[in-house]
>>> print(open('target_28.cif').read())   # mmCIF, C-alpha atoms and all ligand atoms
data_final
#
loop_
_atom_site.label_atom_id
_atom_site.label_comp_id
_atom_site.auth_asym_id
_atom_site.auth_seq_id
_atom_site.Cartn_x
_atom_site.Cartn_y
_atom_site.Cartn_z
CA MET A 1 39.68 -5.28 17.56
CA SER A 2 40.39 -3.62 20.85
CA GLY A 3 37.78 -5.63 22.74
CA THR A 4 35.81 -2.59 23.82
CA GLN A 5 32.54 -2.24 21.97
CA PRO A 6 30.95 1.19 21.59
CA LEU A 7 27.88 1.50 23.79
CA LYS A 8 24.69 1.42 21.77
CA SER A 9 22.92 4.70 22.39
CA LYS A 10 19.36 4.30 23.60
CA PRO A 11 16.87 7.10 22.94
CA PRO A 12 16.17 9.00 26.15
CA ALA A 13 13.06 7.80 27.99
CA HIS A 14 11.31 11.16 27.56
CA ASP A 15 11.69 10.79 23.78
CA ALA A 16 9.96 7.40 23.86
CA ALA A 17 7.19 8.83 26.03
CA ARG A 18 6.73 11.79 23.68
CA LYS A 19 6.53 9.47 20.67
CA SER A 20 3.97 7.25 22.32
CA GLU A 21 1.88 10.26 23.39
CA GLU A 22 2.02 11.65 19.85
CA ALA A 23 0.95 8.27 18.41
CA THR A 24 -1.99 8.05 20.83
CA SER A 25 -3.21 11.54 19.93
CA VAL A 26 -2.88 10.87 16.21
CA ALA A 27 -4.86 7.63 16.43
CA LYS A 28 -7.56 9.41 18.43
CA ALA A 29 -7.75 12.41 16.07
CA LEU A 30 -8.20 10.11 13.07
CA GLY A 31 -11.70 9.07 14.13
CA SER A 32 -12.91 6.60 11.52
CA ARG A 33 -10.57 7.85 8.79
CA SER A 34 -7.94 5.60 7.26
CA ILE A 35 -4.33 6.45 6.64
CA VAL A 36 -3.84 5.61 2.98
CA LEU A 37 -0.29 4.94 1.81
CA VAL A 38 0.39 5.62 -1.84
CA GLY A 39 3.53 5.46 -3.96
CA LEU A 40 5.39 3.35 -6.46
CA MET A 41 6.26 -0.31 -6.23
CA GLY A 42 9.15 -0.60 -3.79
CA ALA A 43 8.29 2.60 -1.91
CA GLY A 44 7.81 0.60 1.30
CA LYS A 45 4.01 0.92 1.63
CA THR A 46 3.60 -2.55 3.11
CA THR A 47 6.72 -2.64 5.28
CA VAL A 48 6.35 0.89 6.63
CA GLY A 49 2.56 0.46 6.81
CA ARG A 50 2.81 -2.56 9.14
CA ARG A 51 5.15 -0.70 11.48
CA LEU A 52 2.98 2.41 11.41
CA ALA A 53 -0.08 0.30 12.29
CA ASN A 54 1.85 -1.19 15.15
CA ARG A 55 2.88 2.25 16.41
CA LEU A 56 -0.67 3.64 16.20
CA ASP A 57 -2.24 0.43 17.45
CA LEU A 58 -4.52 0.24 14.41
CA PRO A 59 -5.19 -2.61 11.97
CA PHE A 60 -3.02 -2.88 8.86
CA VAL A 61 -4.71 -3.76 5.57
CA ASP A 62 -2.95 -4.37 2.27
CA ALA A 63 -5.26 -3.61 -0.67
CA ASP A 64 -3.40 -5.99 -3.02
CA THR A 65 -3.87 -8.86 -0.56
CA GLU A 66 -7.57 -8.03 -0.27
CA ILE A 67 -7.92 -7.98 -4.07
CA GLU A 68 -6.29 -11.41 -4.24
CA LYS A 69 -8.63 -12.71 -1.54
CA ALA A 70 -11.70 -11.32 -3.31
CA ALA A 71 -10.61 -12.74 -6.67
CA GLY A 72 -9.33 -16.03 -5.31
CA SER A 73 -6.17 -15.64 -7.39
CA SER A 74 -2.86 -13.83 -7.40
CA ILE A 75 -2.40 -10.39 -8.95
CA ALA A 76 0.02 -11.92 -11.45
CA ASP A 77 -2.70 -14.39 -12.53
CA ILE A 78 -5.39 -11.70 -12.70
CA PHE A 79 -3.15 -9.67 -15.05
CA LYS A 80 -2.32 -12.76 -17.11
CA GLU A 81 -5.84 -14.17 -17.43
CA PHE A 82 -8.00 -11.04 -17.55
CA GLY A 83 -5.67 -8.10 -18.24
CA GLU A 84 -4.80 -4.91 -16.40
CA ALA A 85 -8.18 -3.15 -16.97
CA HIS A 86 -9.97 -5.97 -15.17
CA PHE A 87 -7.49 -5.74 -12.29
CA ARG A 88 -8.06 -1.96 -12.05
CA ASP A 89 -11.86 -2.47 -11.78
CA GLY A 90 -11.41 -4.91 -8.94
CA GLU A 91 -8.84 -2.66 -7.32
CA GLN A 92 -11.24 0.29 -7.32
CA ARG A 93 -14.10 -1.78 -5.88
CA VAL A 94 -11.99 -3.31 -3.11
CA ILE A 95 -10.39 0.00 -2.07
CA HIS A 96 -13.78 1.73 -1.95
CA ARG A 97 -15.08 -1.03 0.32
CA LEU A 98 -11.99 -0.88 2.54
CA LEU A 99 -12.24 2.90 2.88
CA GLY A 100 -15.54 2.37 4.67
CA GLU A 101 -13.84 0.22 7.28
CA GLY A 102 -11.50 2.67 9.00
CA PRO A 103 -9.69 3.55 11.09
CA GLN A 104 -6.83 1.51 9.70
CA ILE A 105 -3.57 1.80 7.83
CA LEU A 106 -4.33 0.98 4.21
CA ALA A 107 -1.44 0.23 1.85
CA THR A 108 -2.54 0.57 -1.78
CA GLY A 109 -0.95 -0.82 -4.94
CA GLY A 110 1.14 1.67 -6.93
CA GLY A 111 -1.53 2.33 -9.58
CA ALA A 112 -4.53 2.77 -7.28
CA PHE A 113 -4.15 6.50 -6.57
CA MET A 114 -4.06 7.21 -10.33
CA ASN A 115 -7.79 6.49 -10.44
CA PRO A 116 -9.69 9.80 -9.92
CA ALA A 117 -12.66 8.09 -8.18
CA THR A 118 -10.28 6.35 -5.77
CA ARG A 119 -8.52 9.64 -5.07
CA LYS A 120 -11.86 11.30 -4.30
CA ALA A 121 -12.96 8.45 -2.00
CA THR A 122 -9.56 8.60 -0.28
CA GLN A 123 -9.91 12.32 0.25
CA GLU A 124 -13.36 11.82 1.78
CA ASN A 125 -12.48 8.91 4.03
CA GLY A 126 -8.83 9.16 4.78
CA ILE A 127 -5.54 10.95 4.89
CA SER A 128 -3.26 10.10 2.02
CA ILE A 129 0.49 9.82 2.44
CA TRP A 130 2.85 9.55 -0.50
CA LEU A 131 5.91 7.49 0.32
CA LYS A 132 8.42 9.01 -2.03
CA ALA A 133 11.61 7.26 -3.09
CA ASP A 134 14.31 7.71 -5.73
CA LEU A 135 14.67 5.44 -8.72
CA ASP A 136 17.76 3.66 -7.41
CA VAL A 137 16.12 2.89 -4.06
CA LEU A 138 12.97 1.61 -5.77
CA MET A 139 14.97 -0.59 -8.17
CA LYS A 140 17.04 -2.03 -5.36
CA ARG A 141 13.93 -2.96 -3.43
CA VAL A 142 11.86 -4.39 -6.29
CA SER A 143 14.74 -6.44 -7.63
CA ARG A 144 14.56 -8.59 -4.48
CA ARG A 145 11.22 -10.03 -5.60
CA SER A 146 9.83 -10.83 -9.05
CA HIS A 147 6.07 -11.10 -8.58
CA ARG A 148 5.09 -7.72 -10.04
CA PRO A 149 3.51 -8.07 -13.50
CA LEU A 150 4.38 -4.53 -14.65
CA LEU A 151 8.07 -5.28 -14.14
CA GLN A 152 8.13 -8.64 -15.92
CA ASN A 153 9.94 -7.42 -19.03
CA ASP A 154 13.41 -6.78 -20.43
CA ASP A 155 13.81 -3.30 -19.03
CA PRO A 156 12.06 -2.87 -15.67
CA GLU A 157 14.12 0.24 -14.95
CA ALA A 158 12.73 1.98 -18.05
CA VAL A 159 9.20 1.07 -16.90
CA MET A 160 9.90 2.45 -13.44
CA LYS A 161 11.25 5.70 -14.96
CA ARG A 162 8.11 6.06 -17.07
CA LEU A 163 5.90 5.42 -14.03
CA ILE A 164 7.83 8.06 -12.06
CA ASP A 165 7.16 10.61 -14.82
CA GLU A 166 3.48 9.70 -15.10
CA ARG A 167 2.63 9.18 -11.47
CA TYR A 168 4.73 11.52 -9.34
CA PRO A 169 2.69 14.63 -10.27
CA ILE A 170 -0.47 12.78 -9.15
CA TYR A 171 1.08 11.27 -6.01
CA ALA A 172 2.15 14.82 -5.16
CA THR A 173 -1.52 15.71 -4.60
CA ALA A 174 -1.62 13.43 -1.53
CA ASP A 175 -2.20 15.16 1.81
CA LEU A 176 1.36 14.46 2.98
CA SER A 177 4.56 13.28 1.39
CA ILE A 178 7.36 11.58 3.24
CA ASP A 179 10.76 10.47 1.98
CA SER A 180 10.99 6.69 2.15
CA LYS A 181 14.73 6.67 2.71
CA GLU A 182 17.01 3.73 3.04
CA GLY A 183 17.80 2.93 6.63
CA PRO A 184 15.64 1.98 9.59
CA HIS A 185 11.94 1.90 8.76
CA ASP A 186 11.20 3.18 12.24
CA ALA A 187 12.77 6.52 11.31
CA VAL A 188 10.26 6.83 8.45
CA VAL A 189 7.46 5.89 10.87
CA ASP A 190 8.64 8.60 13.29
CA GLU A 191 8.45 11.15 10.50
CA ILE A 192 4.99 10.02 9.42
CA VAL A 193 3.54 10.18 12.94
CA HIS A 194 5.03 13.62 13.48
CA ALA A 195 3.69 14.91 10.14
CA LEU A 196 0.26 13.48 10.98
CA ALA A 197 0.28 15.17 14.37
CA ILE A 198 0.84 18.49 12.62
CA GLU A 199 -1.73 17.75 9.89
CA LEU A 200 -4.34 16.71 12.45
CA LYS A 201 -3.37 19.56 14.77
CA CYS A 202 -3.04 17.29 17.75
CA GLY A 203 0.10 18.26 19.55
CA GLY A 204 2.81 18.22 16.88
CA THR A 205 4.98 21.27 16.49
CA GLU A 206 6.73 22.10 13.24
CA THR A 207 10.45 21.50 13.47
C1 LIG B 301 1.01 -1.97 -9.42
C2 LIG B 301 1.59 -2.14 -8.19
C3 LIG B 301 1.45 -3.38 -7.41
C4 LIG B 301 0.15 -4.11 -7.78
C5 LIG B 301 0.10 -4.31 -9.26
C6 LIG B 301 0.14 -3.00 -10.05
C7 LIG B 301 1.20 -0.67 -10.12
O1 LIG B 301 1.42 -3.08 -6.01
O2 LIG B 301 -0.98 -3.40 -7.35
O3 LIG B 301 1.15 -5.15 -9.62
O4 LIG B 301 0.42 -0.36 -11.03
O5 LIG B 301 2.14 0.07 -9.74
P1 LIG B 301 2.71 -2.56 -5.19
O6 LIG B 301 2.84 -1.09 -5.44
O7 LIG B 301 2.32 -2.83 -3.76
O8 LIG B 301 3.87 -3.35 -5.63
#
>>> encode(input="target_28.cif", output="structure tokens")
Amino acid sequence: MSGTQPLKSKPPAHDAARKSEEATSVAKALGSRSIVLVGLMGAGKTTVGRRLANRLDLPFVDADTEIEKAAGSSIADIFKEFGEAHFRDGEQRVIHRLLGEGPQILATGGGAFMNPATRKATQENGISIWLKADLDVLMKRVSRRSHRPLLQNDDPEAVMKRLIDERYPIYATADLSIDSKEGPHDAVVDEIVHALAIELKCGGTET
């Protein structure tokens, strides 16, 4: 080592001011609508969602956590004791209730947007954003934790591939889609806020 460290580059002040202005206009233009994050397990809905909420100064709500609260048990236990169909009923009910409580950032479980009634309610009460990620990124992220019932089997990668085939055409009907790349989550948040500014016609310019 030479002893001289490269200077960390800071974004110019005007860039920070522009970002904060854009975030304020987006939050204002939303009115009572929610921003609804959809996408597969491991797409970053919760992690990115929390940061996005922070940026827009809005509450963050995780639908899976709300389902667990309403049921008084974990998603893994709901699947085990009552089966997936029962979980899906509860999921639909909870998301419909939450959609009446915007504005907020609402992270939904990977299967929620597959339900046509939930998609319709989302369309009416929110702006949907598909966080899109490749198989290898998803697998890397989900392999860090083992609480997801759909992946508790011998070949979670095969399950993920099947879910990509089944779900991506439906996720693609979301209002916006954003690549949930590896790297700093804040870069994904920047992209989301900019795409929302364009979608909501509140100051964003297409780049
Ligand atoms: C599911 C995804 C999970 C959770 C449940 C079912 C799915 O949420 O809702 O295990 O069907 O993809 P995350 O996408 O937040 O992991």
>>> residues_near_point(input="target_28.cif", point="(-13.5, 0.5, 5.6)", cutoff="10 Å", atoms="only C-alpha atoms", output="NGL selection string")
:A and (32-34 or 61 or 94-104 or 106 or 125-126)
>>> residues_near_ligand(input="target_28.cif", ligand="ligand LIG 301 (chain B)", cutoff="10 Å", atoms="only C-alpha atoms and all ligand atoms", output="VMD selection string")
chain A and resid 37 to 46 62 to 65 67 74 to 76 78 to 79 84 87 to 88 91 107 to 114 142 145 147 to 151 160 163 167
>>> residues_around(input="target_28.cif", residues="segment 174-177 of chain A", least_positions_apart="2", cutoff="10 Å", atoms="only C-alpha atoms", output="list in words")
Val36, Leu37, Val38, Gly39, Phe113, Arg119, Thr122, Gln123, Gly126, Ile127, Ser128, Ile129, Trp130, Leu131, Lys132, Pro169, Ile170, Tyr171, Ala172, Asp179, Ser180, Ile192, Ala195, Leu196 and Glu199 of chain A
>>> residues_around(input="target_28.cif", residues="Asp15 of chain A", least_positions_apart="6", cutoff="12 Å", atoms="all atoms listed in the file", output="ChimeraX atom specification")
/A:21-22,190
>>> write_last_selection(input="target_28.cif", atoms="C-alpha atoms", output="short mmCIF file (atom, residue, chain, number, x, y, z; two decimals), in the coordinates of the input")
data_model
loop_
_atom_site.label_atom_id
_atom_site.label_comp_id
_atom_site.auth_asym_id
_atom_site.auth_seq_id
_atom_site.Cartn_x
_atom_site.Cartn_y
_atom_site.Cartn_z
CA GLU A 21 1.88 10.26 23.39
CA GLU A 22 2.02 11.65 19.85
CA ASP A 190 8.64 8.60 13.29
#
>>> atom_distance(input="target_28.cif", atom1="atom CA of Ser20 of chain A", atom2="atom CA of Leu56 of chain A")
8.5 Å
>>> atom_distance(input="target_28.cif", atom1="atom CA of Val26 of chain A", atom2="atom CA of Ala13 of chain A")
20.1 Å
>>> atom_distance(input="target_28.cif", atom1="atom CA of Arg93 of chain A", atom2="atom CA of Leu58 of chain A")
22.5 Å
>>> closest_residue(input="target_28.cif", among="A:Ala117, A:Gly83, A:Gly31, A:Asp155", to="Ser143 of chain A", atoms="all atoms listed in the file")
A:Asp155
>>> closest_residue(input="target_28.cif", among="A:Pro184, A:Pro156, A:Glu81, A:Ile105", to="Arg50 of chain A", atoms="only C-alpha atoms")
A:Ile105
>>> build_atoms(input="target_28.cif", residues="segment 89-114 of chain A", atoms="N, CA and C atoms", output="short mmCIF file (atom, residue, chain, number, x, y, z; two decimals), in the coordinates of the input")
data_model
loop_
_atom_site.label_atom_id
_atom_site.label_comp_id
_atom_site.auth_asym_id
_atom_site.auth_seq_id
_atom_site.Cartn_x
_atom_site.Cartn_y
_atom_site.Cartn_z
N ASP A 89 -10.46 -2.50 -12.25
CA ASP A 89 -11.86 -2.47 -11.78
C ASP A 89 -11.97 -3.07 -10.39
N GLY A 90 -11.37 -4.23 -10.23
CA GLY A 90 -11.41 -4.91 -8.94
C GLY A 90 -10.72 -4.08 -7.87
N GLU A 91 -9.61 -3.48 -8.26
CA GLU A 91 -8.84 -2.66 -7.32
C GLU A 91 -9.70 -1.49 -6.81
N GLN A 92 -10.39 -0.84 -7.73
CA GLN A 92 -11.24 0.29 -7.32
C GLN A 92 -12.34 -0.18 -6.36
N ARG A 93 -12.99 -1.27 -6.72
CA ARG A 93 -14.10 -1.78 -5.88
C ARG A 93 -13.60 -2.11 -4.47
N VAL A 94 -12.50 -2.86 -4.41
CA VAL A 94 -11.99 -3.31 -3.11
C VAL A 94 -11.56 -2.11 -2.26
N ILE A 95 -10.86 -1.16 -2.86
CA ILE A 95 -10.39 0.00 -2.07
C ILE A 95 -11.58 0.83 -1.57
N HIS A 96 -12.59 0.97 -2.39
CA HIS A 96 -13.78 1.73 -1.95
C HIS A 96 -14.43 1.03 -0.76
N ARG A 97 -14.51 -0.29 -0.81
CA ARG A 97 -15.08 -1.03 0.32
C ARG A 97 -14.20 -0.83 1.57
N LEU A 98 -12.90 -0.98 1.39
CA LEU A 98 -11.99 -0.88 2.54
C LEU A 98 -12.04 0.51 3.18
N LEU A 99 -12.20 1.53 2.34
CA LEU A 99 -12.24 2.90 2.88
C LEU A 99 -13.42 3.13 3.81
N GLY A 100 -14.40 2.27 3.75
CA GLY A 100 -15.54 2.37 4.67
C GLY A 100 -15.29 1.63 5.97
N GLU A 101 -14.10 1.07 6.11
CA GLU A 101 -13.84 0.22 7.28
C GLU A 101 -12.77 0.77 8.22
N GLY A 102 -12.52 2.09 8.13
CA GLY A 102 -11.50 2.67 9.00
C GLY A 102 -11.95 2.79 10.44
N PRO A 103 -11.07 3.15 11.37
CA PRO A 103 -9.69 3.55 11.09
C PRO A 103 -8.78 2.35 10.88
N GLN A 104 -7.79 2.56 10.02
CA GLN A 104 -6.83 1.51 9.70
C GLN A 104 -5.69 2.15 8.90
N ILE A 105 -4.63 1.39 8.75
CA ILE A 105 -3.57 1.80 7.83
C ILE A 105 -3.79 0.99 6.57
N LEU A 106 -4.02 1.67 5.46
CA LEU A 106 -4.33 0.98 4.21
C LEU A 106 -3.20 1.21 3.20
N ALA A 107 -2.49 0.14 2.88
CA ALA A 107 -1.44 0.23 1.85
C ALA A 107 -2.09 -0.09 0.51
N THR A 108 -1.92 0.80 -0.47
CA THR A 108 -2.54 0.57 -1.78
C THR A 108 -1.47 0.21 -2.81
N GLY A 109 -1.87 -0.50 -3.84
CA GLY A 109 -0.95 -0.82 -4.94
C GLY A 109 -0.58 0.47 -5.67
N GLY A 110 0.59 0.45 -6.32
CA GLY A 110 1.14 1.67 -6.93
C GLY A 110 0.23 2.40 -7.91
N GLY A 111 -0.71 1.67 -8.56
CA GLY A 111 -1.53 2.33 -9.58
C GLY A 111 -2.84 2.87 -9.03
N ALA A 112 -3.18 2.49 -7.80
CA ALA A 112 -4.53 2.77 -7.28
C ALA A 112 -4.86 4.27 -7.22
N PHE A 113 -3.90 5.07 -6.78
CA PHE A 113 -4.15 6.50 -6.57
C PHE A 113 -4.26 7.25 -7.91
N MET A 114 -3.94 6.57 -9.02
CA MET A 114 -4.06 7.21 -10.33
C MET A 114 -5.52 7.29 -10.77
#
